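Engineer: Mind looking over this structure? Questions follow.
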Amino acid sequence: MKPIAEELAKKQREISVAEFFEKNKHILGFDSTTRAILTAVKEAVDNSLDACEEANVMPEVLVEITQTDKKGVYTLKIEDNGPGIVKQQISNVFGRLLYGSRFHAIRQSRGQQGIGISAAVLYSQLTTGKPTRIISKIAEDRPAHVCNLMINTRQNMPEVVSEDITHWEKPHGTSVEMQMIGKYLRDSKQSPYEFLKNTAIVNPHARIVFKEPDGTVTTFERVAESMPKPCTDILPHPHGVEIGTVMKMLSHTSARKLGAFLQTSFCRISQRTSDEICQKAGLDSNLKPEDMGIEQISALVNAFKEVKLMAPPTDCLSPIGEILLKRALKRNSGTEIEFAASVTRAPSVYSGNPFIVEVAVAYCPSLPKDQTITIMRFANRVPLLFQQGACALTHGIEGVDWRRYGLDQRGGKGIPSGPVMMLVHVASTKVPFTSESKEAVADIPEIEQDIALALQECGRALNRHMHKNVRIAKLREKETIIKQLLPLIAQKSAHVLNRPVPSIEPVIAKIMNSILVDSRVEYIDGNRKTHKVFVDLINYTKTGHEFNLYAVVPEEAKLAEGSGATAGANGKLSWKVKMEPDERKSVIFELSGLEKDDYTEADIYFDGIESHIIDGIDPWKEEEKEEVYETVDKSESVADEISEAESGLACKANKEE
Amino acid sequence: MAVKKGPAKSLEAFDQKFTNDQIPELSKATFHELACIAESVYDNIENAQIPAVSISSRTKNNIVFDETLGVWKYGKDQMQRSAKSLDGAYMLLRTMHTVDFIKQMMATKKSSTLREMYYISEGWGLGKFHDQQDSDKLVEDLEIITKKMREDFKLRPEENGASVIGNVTIEEQTRDGKSRTINCRDDVGDSGYGIPYNVEKEKIKFKEADADFVIGVECGGMFDRLSENRFDEKNRAVLVHLKGQPARCTRRFVKRMNEEMKLPVVIFTDGDPWSYRIFASVAYGAIKTAHISEYLATPGAQFIGISPSDIINYELPSDKLNDQDIKALKEELLDPRFNSEFWKGEINLQLQLGKKAEQQSLAKYGLDYVTDKYLPEKLAEMRILKR
């Protein structure tokens, strides 16, 4: 009898990419016809935006979806003004799975594995049998290359069907055009439209034009005037690597000794820490990297964890920024936004990977009040449209007690209800996705804590805004009473009794019995970007009063002359106000340097007087401290460790100076 | 019902001043009470006070048993309607308009239905009502403040009372000014005698009754069943159709039969929480009209069924209680009117059973079962019928 292994050997052979694709459709995002179109658009747009950023070009992306003569078959065209791709690489980039420039780099980027766009090419080819057409131009004075290609599914190699040179009016850029079987839906949370809208919000430097099969053209205008700060590559941090990665790094290194390898291949390893690691691992720092065995590598990786290291550099990350986030949300969310607050947290670290959390909370009066809020999730400026419930970004929202910030939430947990949109963005050199399909972020305590803290800060601002709305509504009610109803009540009671109409002035004073403060903001000058703020005060009481009036204005704004205000820290302006009985006056000031929508309502406060005398604004209160977020058990120790390490290094740096 | 158009011009013409002299003698006392409300508002304004009107709070927490009258009346809790709040200011404006409107009706010797007044308020600008419930409620408020009845205000409900069949003879002042003697069994058709909205002495006098008791029946189907089976003749009964929650005049009519003809009253309804409230409004007084309970309630009235025990004892076909039913039953446990051994026991039993039954479920045993077996049995238990 033959050994079984020989029998089995007959069945063992290479798996073709086509088979791999067929088996992993769900991971790659091509498991349904509706999703296929979305995924193809997403992969192409991600690539375009990454390429533009690398080339420092403000992205102009055109996405066009058209229905072909054949029912259920669509043509997708995605065109950008990026740097283009050199002729030799076109076929590799689009025609080979797992081929890309970013797989080995540690930086904040959209794509990573180099699987996305070639998977779309493969899906197109498998469903229609047609090649994908790529046009690319790399410079003004060079011709554009046209390339029709398919993927050889047996060898995972590109096959160029035809090649040509053509004229293209763009100075540079890339265009991809492919056909595929699909289903186009617009009104779904997971539609190409939703994806592009969300992409525009977190990429305020991009201009995206979208043409839909029915001919509708939507332009998502850019709201940023310049490119975001470029993201830079960093070396891996020892706390973020696993044995396999270290093995690969060892085999590729040009360093001759272990000590040198550690210092040149990782960030935050100095001569001193390198020695400490070797000592803890029981290894000689002169060991040759290629001679190291699995047990030695394992000891090395364990030693990484025992040594205190400075956190990885965080300047490699590129957040969107608070102002741009608000502006983009107002411009491109497609929903009327009455008020928005945003927070970009300071960079932080989990397991040796730097990350930044950004959130925005917007109050949208047109959204239903009794339904759960709208959530928008993003990782490295890419919208996450699937698996909302399984994502740490959602869990961050659910973990906050929103009842404290004026929203309905059953039991103080879960997704709150109200006419509110919340946006959460995590940028990191390594976003910890729950799976290869990159749909949800894993629950990392450090990330969740940062999200909660940022949301709480926005929550406070949201609550202030809603509170202000309630106060204004009350003010309007009082106005209705004194201006409309009371005169009629006086008239009608006099009519019934056949008596003269009594004067209502004394009653008005009794009902109001306060100094009324009302404010409004007008955008008066587009050229100089000037906002004019009016604070109107009416003293309905029978006595004179003196008090302090405060306005908190954005710190970027410049106060014009003649306001009479004393400017304090953090954009706090103050006035001393004195009012005689029955006096009416206005405090007026002008601010310049803000966009129209960046400043729509004034934050006005008072102090130095009993609070019941002033109506319409809140008493001044120093900002509460950040609440402590309770999920921290082990993350706390990690955070301590890092801050200790940081302060330790700061001392060292001082000494070196 | 939707309100269609703006006010007609003629309404404004109607809005003119009448002096107190133009108000007929009969209405003067009532008008004086109403004018007091307007006066207190007027005086408030003149004295630099925020105008306000106090009124008994109209909730089940503010009804107390009046020992001398034997009915439930409003207690001491008062609520303030003040121009300090938006709702209070609207209410005061509407009150002034309503008082003025009543004054005009008195001066011109007109009357209107509650619904007509609601439509007339279309011409009152900011003082208009947005819902007839609001205007009906305001009229009740005025009744409470002035201790008068809405009929005194020249306002009447649009619906009449329900039907009566039985050997009772009354004398009614009809619209032609003549008085007519009517026997509620022999002089009427199968639909019985229709109770008019006004059943006071100047309109209706009870002459004679050859009967042993009055039975108030919740639904029309059962009323017709008793009438078809000649329950009134066989058992010397007066049948009164309650038509659900009975109108004021139906309750007043029943009370007068009870007091003046000395007829005991029993109430026959479905076996669900809403029907117990029908019984309560007849026997104890309704929460909404507790200010006039002594005119409307019949303290001696007894509940005959369907009780939750009947569902078990007679094995009646039943439906499951829904969430509202359960909520209503639990509220009744907190209602002082149901604070008796009988009701506590029955309501708790029903909550335990989780079931309710209709009057007509007795048809399970045949069409005659209710008149031949169920009612005679229950009436004998109550010692109203002798077996």
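Each chain of the structure tokens is named A, B, ... in the order shown, its residues numbered from 1; ligands are numbered from 1 in display order.
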Identify, on the basis of only C-alpha atoms, every residue whose closest approach to stretch 174-176 of chain A does not exceed 7 Å; exclude the query and any residue fewer than 2 positions from it along the same chain; express the result as an MDAnalysis selection string.
Structural biologist: chainID A and resid 77:82 84 133:137 178
Engineer: Take the residues that were just selected and, keeping all heavy atoms, output them as a JSON list (two decimals), in the first residue's frame.
Structural biologist:
[["chain", "number", "residue", "atom", "x", "y", "z"],
["A", 77, "LYS", "N", -16.29, 54.70, -13.42],
["A", 77, "LYS", "CA", -15.09, 55.43, -13.80],
["A", 77, "LYS", "C", -14.66, 56.31, -12.63],
["A", 77, "LYS", "O", -15.47, 57.06, -12.10],
["A", 77, "LYS", "CB", -15.36, 56.27, -15.03],
["A", 77, "LYS", "CG", -14.10, 56.91, -15.59],
["A", 77, "LYS", "CD", -14.33, 57.42, -16.98],
["A", 77, "LYS", "CE", -14.27, 58.94, -16.97],
["A", 77, "LYS", "NZ", -14.49, 59.51, -18.28],
["A", 78, "ILE", "N", -13.42, 56.18, -12.21],
["A", 78, "ILE", "CA", -12.90, 57.00, -11.13],
["A", 78, "ILE", "C", -11.64, 57.68, -11.65],
["A", 78, "ILE", "O", -10.70, 57.02, -12.09],
["A", 78, "ILE", "CB", -12.60, 56.19, -9.86],
["A", 78, "ILE", "CG1", -13.89, 55.60, -9.29],
["A", 78, "ILE", "CG2", -11.96, 57.08, -8.80],
["A", 78, "ILE", "CD1", -14.20, 54.23, -9.75],
["A", 79, "GLU", "N", -11.67, 59.03, -11.59],
["A", 79, "GLU", "CA", -10.59, 59.79, -12.19],
["A", 79, "GLU", "C", -10.03, 60.75, -11.15],
["A", 79, "GLU", "O", -10.79, 61.35, -10.39],
["A", 79, "GLU", "CB", -11.21, 60.60, -13.33],
["A", 79, "GLU", "CG", -10.26, 61.00, -14.40],
["A", 79, "GLU", "CD", -11.04, 61.67, -15.54],
["A", 79, "GLU", "OE1", -11.78, 60.96, -16.25],
["A", 79, "GLU", "OE2", -10.93, 62.89, -15.68],
["A", 80, "ASP", "N", -8.70, 60.90, -11.08],
["A", 80, "ASP", "CA", -8.13, 61.84, -10.13],
["A", 80, "ASP", "C", -7.06, 62.70, -10.80],
["A", 80, "ASP", "O", -6.72, 62.49, -11.95],
["A", 80, "ASP", "CB", -7.57, 61.11, -8.90],
["A", 80, "ASP", "CG", -6.39, 60.22, -9.24],
["A", 80, "ASP", "OD1", -5.48, 60.67, -9.98],
["A", 80, "ASP", "OD2", -6.36, 59.05, -8.77],
["A", 81, "ASN", "N", -6.58, 63.69, -10.04],
["A", 81, "ASN", "CA", -5.52, 64.56, -10.54],
["A", 81, "ASN", "C", -4.21, 64.27, -9.80],
["A", 81, "ASN", "O", -3.41, 65.14, -9.56],
["A", 81, "ASN", "CB", -5.91, 66.04, -10.37],
["A", 81, "ASN", "CG", -6.14, 66.37, -8.90],
["A", 81, "ASN", "OD1", -6.36, 65.47, -8.09],
["A", 81, "ASN", "ND2", -6.06, 67.64, -8.56],
["A", 82, "GLY", "N", -4.07, 63.01, -9.37],
["A", 82, "GLY", "CA", -2.89, 62.60, -8.61],
["A", 82, "GLY", "C", -1.64, 62.56, -9.47],
["A", 82, "GLY", "O", -1.64, 63.00, -10.63],
["A", 84, "GLY", "N", -0.19, 60.18, -10.98],
["A", 84, "GLY", "CA", -0.14, 59.19, -12.04],
["A", 84, "GLY", "C", 0.77, 58.03, -11.65],
["A", 84, "GLY", "O", 1.38, 58.03, -10.58],
["A", 133, "ARG", "N", -9.73, 49.38, -17.92],
["A", 133, "ARG", "CA", -8.98, 50.36, -18.71],
["A", 133, "ARG", "C", -8.39, 51.40, -17.77],
["A", 133, "ARG", "O", -9.09, 52.01, -16.98],
["A", 133, "ARG", "CB", -9.96, 51.02, -19.68],
["A", 133, "ARG", "CG", -9.41, 52.08, -20.57],
["A", 133, "ARG", "CD", -10.59, 52.59, -21.40],
["A", 133, "ARG", "NE", -10.26, 53.83, -22.09],
["A", 133, "ARG", "CZ", -9.71, 53.85, -23.32],
["A", 133, "ARG", "NH1", -9.42, 52.71, -23.91],
["A", 133, "ARG", "NH2", -9.46, 55.00, -23.89],
["A", 134, "ILE", "N", -7.08, 51.59, -17.86],
["A", 134, "ILE", "CA", -6.41, 52.56, -17.01],
["A", 134, "ILE", "C", -5.72, 53.60, -17.88],
["A", 134, "ILE", "O", -5.02, 53.26, -18.84],
["A", 134, "ILE", "CB", -5.37, 51.88, -16.10],
["A", 134, "ILE", "CG1", -6.09, 50.96, -15.11],
["A", 134, "ILE", "CG2", -4.55, 52.90, -15.31],
["A", 134, "ILE", "CD1", -5.66, 49.55, -15.21],
["A", 135, "ILE", "N", -5.97, 54.86, -17.56],
["A", 135, "ILE", "CA", -5.23, 55.94, -18.23],
["A", 135, "ILE", "C", -4.40, 56.61, -17.17],
["A", 135, "ILE", "O", -4.90, 56.89, -16.06],
["A", 135, "ILE", "CB", -6.16, 56.97, -18.87],
["A", 135, "ILE", "CG1", -7.20, 56.29, -19.76],
["A", 135, "ILE", "CG2", -5.38, 58.01, -19.65],
["A", 135, "ILE", "CD1", -8.27, 57.22, -20.29],
["A", 136, "SER", "N", -3.17, 56.88, -17.45],
["A", 136, "SER", "CA", -2.34, 57.53, -16.45],
["A", 136, "SER", "C", -1.37, 58.49, -17.10],
["A", 136, "SER", "O", -0.80, 58.21, -18.15],
["A", 136, "SER", "CB", -1.57, 56.45, -15.67],
["A", 136, "SER", "OG", -0.78, 57.09, -14.70],
["A", 137, "LYS", "N", -1.24, 59.65, -16.45],
["A", 137, "LYS", "CA", -0.31, 60.64, -16.98],
["A", 137, "LYS", "C", 0.51, 61.16, -15.82],
["A", 137, "LYS", "O", -0.03, 61.51, -14.78],
["A", 137, "LYS", "CB", -1.13, 61.77, -17.63],
["A", 137, "LYS", "CG", -0.28, 62.79, -18.35],
["A", 137, "LYS", "CD", -1.20, 63.71, -19.15],
["A", 137, "LYS", "CE", -0.44, 64.97, -19.57],
["A", 137, "LYS", "NZ", -1.29, 65.88, -20.29],
["A", 178, "MET", "N", -14.02, 50.43, -15.31],
["A", 178, "MET", "CA", -14.30, 48.99, -15.35],
["A", 178, "MET", "C", -15.80, 48.75, -15.40],
["A", 178, "MET", "O", -16.58, 49.61, -15.02],
["A", 178, "MET", "CB", -13.68, 48.30, -14.13],
["A", 178, "MET", "CG", -14.15, 48.87, -12.80],
["A", 178, "MET", "SD", -13.46, 47.97, -11.41],
["A", 178, "MET", "CE", -11.82, 48.59, -11.34]]
Engineer: Residues of chain B within 10 Å of chain A, counting only C-alpha atoms - could you list those as a count of residues only?
Structural biologist: 46
Engineer: List the neighbours of A:Ile37 out to 9 Å using only C-alpha atoms; skip same-chain residues closer than 5 positions along the sequence, and give me the result as a compact mmCIF listing (two decimals) with C-alpha atoms, in the first residue's frame.
Structural biologist:
# COMPACT_ATOMS: atom_id res chain seq x y z
CA PHE A 30 -17.72 41.73 -3.00
CA LYS A 42 -14.23 52.89 -2.25
CA ILE A 65 -21.40 55.34 -12.52
CA TYR A 74 -22.65 49.14 -14.74
CA LEU A 76 -17.55 52.67 -13.10
CA ALA A 120 -12.16 45.15 -8.02
CA MET A 180 -19.24 44.92 -13.41
CA ILE A 181 -22.46 43.20 -12.54
CA GLY A 182 -24.01 45.09 -9.67
CA LYS A 183 -27.02 46.80 -8.25
CA TYR A 184 -27.04 50.56 -7.77
CA SER A 191 -24.47 53.42 -0.81
CA PRO A 192 -21.72 54.95 -2.94
Engineer: Just give me the gap between atom CA of A:Leu367 and atom CA of A:Gly334 in Å, one decimal is fine.
Structural biologist: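 We find that atom CA of A:Leu367 and atom CA of A:Gly334 lie 11.5 Å from each other.
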Engineer: Hey, what's within 8 Å of B:Val168 if we count only C-alpha atoms and toss same-chain stuff fewer than 5 positions away? As a list of chain:residue names, please?
Structural biologist: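 Listed by chain and then number, they are B:Asn183, B:Cys184, B:Arg185, B:Phe206, B:Lys207, B:Glu208, B:Ala209, B:Asp210, B:Ala211, B:Val238.
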Engineer: Using Å and a single decimal, report how far atom CA of B:Asp66 sits from atom CA of B:Ser54.
Structural biologist: 21.7 Å
Engineer: What is the atom CA of B:Val254 to atom CA of B:Glu331 distance in Å?
Structural biologist: 27.1 Å
Engineer: When DSSP works through the backbone of this structure, what residues of stretch 249-346 of chain A end up as strand (DSSP E), shown as a VMD selection string?
Structural biologist: chain A and resid 339 to 344
Engineer: Point out the residue among B:Asp131, B:Tyr295, B:Asp141, B:Arg383 with the least atom-to-atom distance to B:Met79, counting only C-alpha atoms.
Structural biologist: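 So, comparing all the options, the nearest one is B:Asp141.
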Engineer: If we count only C-alpha atoms and set the cut-off at 9 Å, which residues sit around stretch 51-63 of chain A, ignoring sequence neighbours fewer than 3 positions away in its own chain? Please answer as a CSV table (one decimal) with N, CA and C atoms, in the first residue's frame.
Structural biologist:
chain,number,residue,atom,x,y,z
A,41,VAL,N,-15.8,51.4,-5.8
A,41,VAL,CA,-15.7,52.9,-5.7
A,41,VAL,C,-14.8,53.3,-4.6
A,45,VAL,N,-11.3,55.3,-4.8
A,45,VAL,CA,-11.2,56.6,-4.3
A,45,VAL,C,-10.1,56.7,-3.2
A,46,ASP,N,-10.1,55.7,-2.3
A,46,ASP,CA,-9.0,55.6,-1.3
A,46,ASP,C,-7.6,55.7,-2.0
A,47,ASN,N,-7.4,55.0,-3.0
A,47,ASN,CA,-6.1,55.1,-3.7
A,47,ASN,C,-5.9,56.5,-4.3
A,48,SER,N,-6.9,57.1,-4.9
A,48,SER,CA,-6.7,58.4,-5.4
A,48,SER,C,-6.3,59.4,-4.4
A,76,LEU,N,-18.0,51.8,-14.2
A,76,LEU,CA,-17.5,52.7,-13.1
A,76,LEU,C,-16.3,53.4,-13.6
A,77,LYS,N,-16.3,54.7,-13.4
A,77,LYS,CA,-15.1,55.4,-13.8
A,77,LYS,C,-14.7,56.3,-12.6
A,78,ILE,N,-13.4,56.2,-12.2
A,78,ILE,CA,-12.9,57.0,-11.1
A,78,ILE,C,-11.6,57.7,-11.6
A,79,GLU,N,-11.7,59.0,-11.6
A,79,GLU,CA,-10.6,59.8,-12.2
A,79,GLU,C,-10.0,60.8,-11.1
A,80,ASP,N,-8.7,60.9,-11.1
A,80,ASP,CA,-8.1,61.8,-10.1
A,80,ASP,C,-7.1,62.7,-10.8
A,81,ASN,N,-6.6,63.7,-10.0
A,81,ASN,CA,-5.5,64.6,-10.5
A,81,ASN,C,-4.2,64.3,-9.8
A,82,GLY,N,-4.1,63.0,-9.4
A,82,GLY,CA,-2.9,62.6,-8.6
A,82,GLY,C,-1.6,62.6,-9.5
A,83,PRO,N,-0.6,62.0,-8.9
A,83,PRO,CA,0.7,62.0,-9.6
A,83,PRO,C,0.8,61.0,-10.8
A,84,GLY,N,-0.2,60.2,-11.0
A,84,GLY,CA,-0.1,59.2,-12.0
A,84,GLY,C,0.8,58.0,-11.6
A,173,GLY,N,-2.5,62.6,-13.6
A,173,GLY,CA,-3.6,61.9,-12.9
A,173,GLY,C,-3.8,60.5,-13.4
A,196,LEU,N,-19.3,58.6,-0.5
A,196,LEU,CA,-18.6,59.8,-1.0
A,196,LEU,C,-18.9,61.1,-0.1
A,205,HIS,N,-10.0,68.7,2.3
A,205,HIS,CA,-9.1,69.3,1.2
A,205,HIS,C,-9.5,68.7,-0.1
A,206,ALA,N,-10.4,67.8,-0.2
A,206,ALA,CA,-10.7,67.1,-1.5
A,206,ALA,C,-12.0,67.7,-2.1
A,207,ARG,N,-12.0,67.7,-3.4
A,207,ARG,CA,-13.2,68.1,-4.1
A,207,ARG,C,-13.7,66.9,-4.9
A,208,ILE,N,-14.9,66.4,-4.6
A,208,ILE,CA,-15.4,65.2,-5.2
A,208,ILE,C,-16.6,65.4,-6.0
A,209,VAL,N,-16.6,65.0,-7.2
A,209,VAL,CA,-17.8,65.2,-8.1
A,209,VAL,C,-18.3,63.8,-8.4
A,210,PHE,N,-19.7,63.6,-8.2
A,210,PHE,CA,-20.3,62.3,-8.3
A,210,PHE,C,-21.4,62.3,-9.3
A,211,LYS,N,-21.3,61.5,-10.4
A,211,LYS,CA,-22.3,61.4,-11.4
A,211,LYS,C,-23.0,60.1,-11.2
A,212,GLU,N,-24.3,60.1,-11.0
A,212,GLU,CA,-25.0,58.8,-10.8
A,212,GLU,C,-25.7,58.3,-12.1
A,226,SER,N,-5.8,74.4,2.3
A,226,SER,CA,-4.5,73.8,2.0
A,226,SER,C,-4.6,72.3,2.3
A,227,MET,N,-3.5,71.6,2.0
A,227,MET,CA,-3.4,70.2,2.2
A,227,MET,C,-3.2,69.9,3.7
A,228,PRO,N,-3.7,68.8,4.1
A,228,PRO,CA,-3.4,68.4,5.6
A,228,PRO,C,-1.9,68.2,5.8
A,230,PRO,N,1.4,66.5,6.1
A,230,PRO,CA,1.7,65.2,5.5
A,230,PRO,C,1.9,64.2,6.6
A,231,CYS,N,1.6,63.0,6.4
A,231,CYS,CA,1.8,61.9,7.3
A,231,CYS,C,3.2,61.4,7.0
Engineer: Just asking: which residues within stretch 93-307 of chain B are helix (DSSP H, G or I) according to DSSP, as a ChimeraX atom specification?
Structural biologist: /B:93-108,114-127,132-146,150-153,220-228,231-235,248-260,273-283,290-296
Engineer: If you count only C-alpha atoms, which residues fall within 9 Å of B:Leu362, apart from same-chain ones fewer than 6 positions away, as JSON, numbers by chain?
Structural biologist: {"B": [314, 316, 317, 369, 370, 374]}
Engineer: Name the residues in contact with A:Pro289 at a cut-off of 12 Å, using only C-alpha atoms, excluding same-chain residues fewer than 2 positions from it; report them as a PyMOL selection string.
Structural biologist: chain A and resi 246-262+265+283-287+291-294+296-297+300
